[in-house]
Amino acid sequence: MIAALIILLVILTFLGAPMFAILAAFALLGFHLSEIQFAALIVDIYSQFSNNPVLYTIPIFTFAGFILAESKASIRVVNFSQAILGWLPGGLAIVSLVACAFFTTFTGASGVTIIALGGLLYPALMKGRYSERFSLGLLTTSGSLGLLFFPSLPIIIYGVVSGTSITQLFAAGIIPGIFLMIVLSVYSSFVAKRSGAERTKTSLKEIVATTRAAKWELFIPVMLVVGIFGGFVTLGEIASIMVAYAFIVEVFIHKDIRIRQFPLVIRESMVLVGAIFIIFSSALALTTYMIDAEIPMKILDVLKVHLTSKITFLIALNIFLLFAGSLMEIYGALVVVVPLIVPIAQEYGINPVHLGIIFLANLEIGYSMPPVGLNLIISCIRFQKPVTSLYRACLPFIIIMILALMVITYVPWMSLFLVEHFGIR
């Protein structure tokens with residue numbers, strides 16, 4: 001009977017059943033089969049939510065990101081990037097990478113970026129003589145590029161679940177995130193030269209004009225970095241400041257959003273937040289069972305037999321996380337997998353901050369990997385293309401990102417340099 005239930009839950013997972021329902025079902029089944037008191041589950045989940053001073057920043061940052069996404073900030077940022085970078089070989093493709101990373105950083109959802117910027121950038125890429133396959137692959141994979149940059153929601157969730165300093169994680173993601181963008185930019189430049197893609201002519205007058213138009217949005221990263229890393233404000237305070245700032249800029253300065261539109265913006269942003277918290281609480285239930293049942297320690301005992309070194313463990317971890325990222329929504333993957341892997345990684349001497357960047361880089365790539373990477377599904381709908389064509393379009397980008405992932409994984413300096421050099425706590 002129990003085996004049949006487990007098989008049924010696995011089948012429902014592959015058929016697309018809601019992630020929170022599957023997680024909760026496995027948690028309930030685990031507590032039912034064990035001698036662990038179910039009351040411990042309620043107490044643990046309540047304490048995780050009530051005693052954590054960071055979780056409340058998630059809806060605030062999400063709301064701020066959706067304000068930017070609903071305005072014409074994307075057009076201003078793209079125009080600015082085009083004026084600064086458009087003259088380079090592959091300039092428009094690089095602009096697309098930068099713009100997508102910028103918006104995913106603030107919305108925390110690659111789907112929002114693909115939907116918001118796809119209609120703007122896809123026709124521009126096609127007009128600029130980039131092939132359809134390259135354009136689709138670029139926009140699909142770059143939809144998740146900003147997840148390593150502050151104030152990415154997955155970074156906050158990893159910090160909460162693993163008990164790692166979120167400020168250190170923000171600093172650790174800067175160099176690997178830039179490295180990924182540089183690698184993809186070099187590839188884009190190579191493709192542009194080979195295909196004869198157009199370069200954009202620019203002038204000092206245009207640079208000044210686009211900078212003036214986008215100056216309020218461009219100040220946001222500066223405000224966040226100085227506020228947090230300068231120690232002037234807490235994470236919660238900067239989240240509130242960002243909402244107020246975005247509201248004033250987009251409603252009263254640019255006047256892109258009217259007050260009567262805000263109920264819709266609030267609803268859309270809180271739907272995402274609600275989904276995150278439902279998955280978070282369901283995953284916490286499963287995590288509580290696995291920890292109480294000492295499952296991580298049992299897994300570690302098995303791994304010690306088969307994975308005798310740190311290198312082999314990291315190879316296995318990358319393979320596992322890429323697979324998990326292609327099947328699971330990133331928030332569920334973080335909350336379920338992180339508590340299992342962190343204690344195991346510590347046994348191999350892996351810094352938890354570096355581990356966090358490895359996690360996020362893997363899951364970022366997994367968004368675009370077959371069979372059901374979230375970016376693939378969203379791009380399939382947004383661009384009205386068969387998912388098989390998106391598989392082929394994304395393949396070169398996935399290969400390049402995996403090669404970059406290997407460097408990020410086996411060169412801890414990339415993640416830890418800023419943390420250690422500036423003594424960030």
# chains A, B, ... in the order shown; residues from 1 in each chain; ligands from 1
$ residues_around --residues "A:Ala172" --least-positions-apart "3" --cutoff "8 Å" --atoms "only C-alpha atoms" --output "PyMOL selection string"
chain A and resi 168-169+175-176+353-354+357+414-419
$ write_last_selection --atoms "C-alpha atoms" --output "mmCIF file, in the first residue's frame"
data_model
loop_
_atom_site.group_PDB
_atom_site.id
_atom_site.type_symbol
_atom_site.label_atom_id
_atom_site.label_comp_id
_atom_site.auth_asym_id
_atom_site.auth_seq_id
_atom_site.Cartn_x
_atom_site.Cartn_y
_atom_site.Cartn_z
ATOM 1 C CA GLN A 168 27.772 37.566 2.182
ATOM 2 C CA LEU A 169 25.710 35.741 -0.427
ATOM 3 C CA ILE A 175 31.774 38.047 -9.688
ATOM 4 C CA PRO A 176 30.213 34.705 -10.793
ATOM 5 C CA VAL A 353 28.568 30.761 0.862
ATOM 6 C CA HIS A 354 30.371 29.165 -2.094
ATOM 7 C CA ILE A 357 26.462 30.254 -5.453
ATOM 8 C CA MET A 414 35.244 33.766 -7.569
ATOM 9 C CA SER A 415 32.570 33.472 -4.898
ATOM 10 C CA LEU A 416 34.644 34.276 -1.827
ATOM 11 C CA PHE A 417 37.011 37.057 -2.940
ATOM 12 C CA LEU A 418 34.738 40.014 -2.179
ATOM 13 C CA VAL A 419 33.497 38.414 1.053
#
$ residues_around --residues "A:Leu85" --least-positions-apart "3" --cutoff "10 Å" --atoms "only C-alpha atoms" --output "ChimeraX atom specification"
/A:79-82,88-95,98,199-202
$ residues_around --residues "stretch 312-320 of chain A" --least-positions-apart "6" --cutoff "9 Å" --atoms "only C-alpha atoms" --output "number ranges by chain"
A: 303, 341, 345, 348, 358-359, 362, 405-406, 409-410
$ atom_distance --atom1 "atom CA of A:Ile257" --atom2 "atom CA of A:Ala73"
10.8 Å
$ residues_around --residues "A:Phe106" --least-positions-apart "4" --cutoff "10 Å" --atoms "only C-alpha atoms" --output "ChimeraX atom specification"
/A:61-69,101-102,113,146-147,149-153,220-221
$ residues_around --residues "A:Glu132" --least-positions-apart "5" --cutoff "9 Å" --atoms "only C-alpha atoms" --output "list in words"
Tyr122, Leu125, Met126, Gly137 and Ala393 of chain A
$ closest_residue --among "A:Gly163, A:Gly332, A:Gly373, A:Pro396" --to "A:Tyr187" --atoms "only C-alpha atoms"
A:Pro396
$ closest_residue --among "A:Ser71, A:Ser144, A:Ser309, A:Thr211" --to "A:Gly349" --atoms "only C-alpha atoms"
A:Ser309
$ closest_residue --among "A:Thr210, A:Thr234, A:Thr140, A:Ser282" --to "A:Ala83" --atoms "only C-alpha atoms"
A:Thr210
$ select_by_dssp --residues "stretch 239-418 of chain A" --states "alpha helix (DSSP H)" --output "ChimeraX atom specification"
/A:239-247,262-292,295-306,310-327,330-347,352-366,374-383,387-410,413-418
$ residues_around --residues "stretch 192-196 of chain A" --least-positions-apart "2" --cutoff "7 Å" --atoms "only C-alpha atoms" --output "NGL selection string"
:A and (89-90 or 130 or 188-190 or 198)
$ closest_residue --among "A:Val305, A:Val233, A:Ile114, A:Ala239" --to "A:Phe383" --atoms "only C-alpha atoms"
A:Ile114
$ atom_distance --atom1 "atom CA of A:Tyr56" --atom2 "atom CA of A:Val249"
23.3 Å
$ residues_around --residues "A:Val77" --least-positions-apart "5" --cutoff "8 Å" --atoms "only C-alpha atoms" --output "PyMOL selection string"
chain A and resi 99+214+217-218
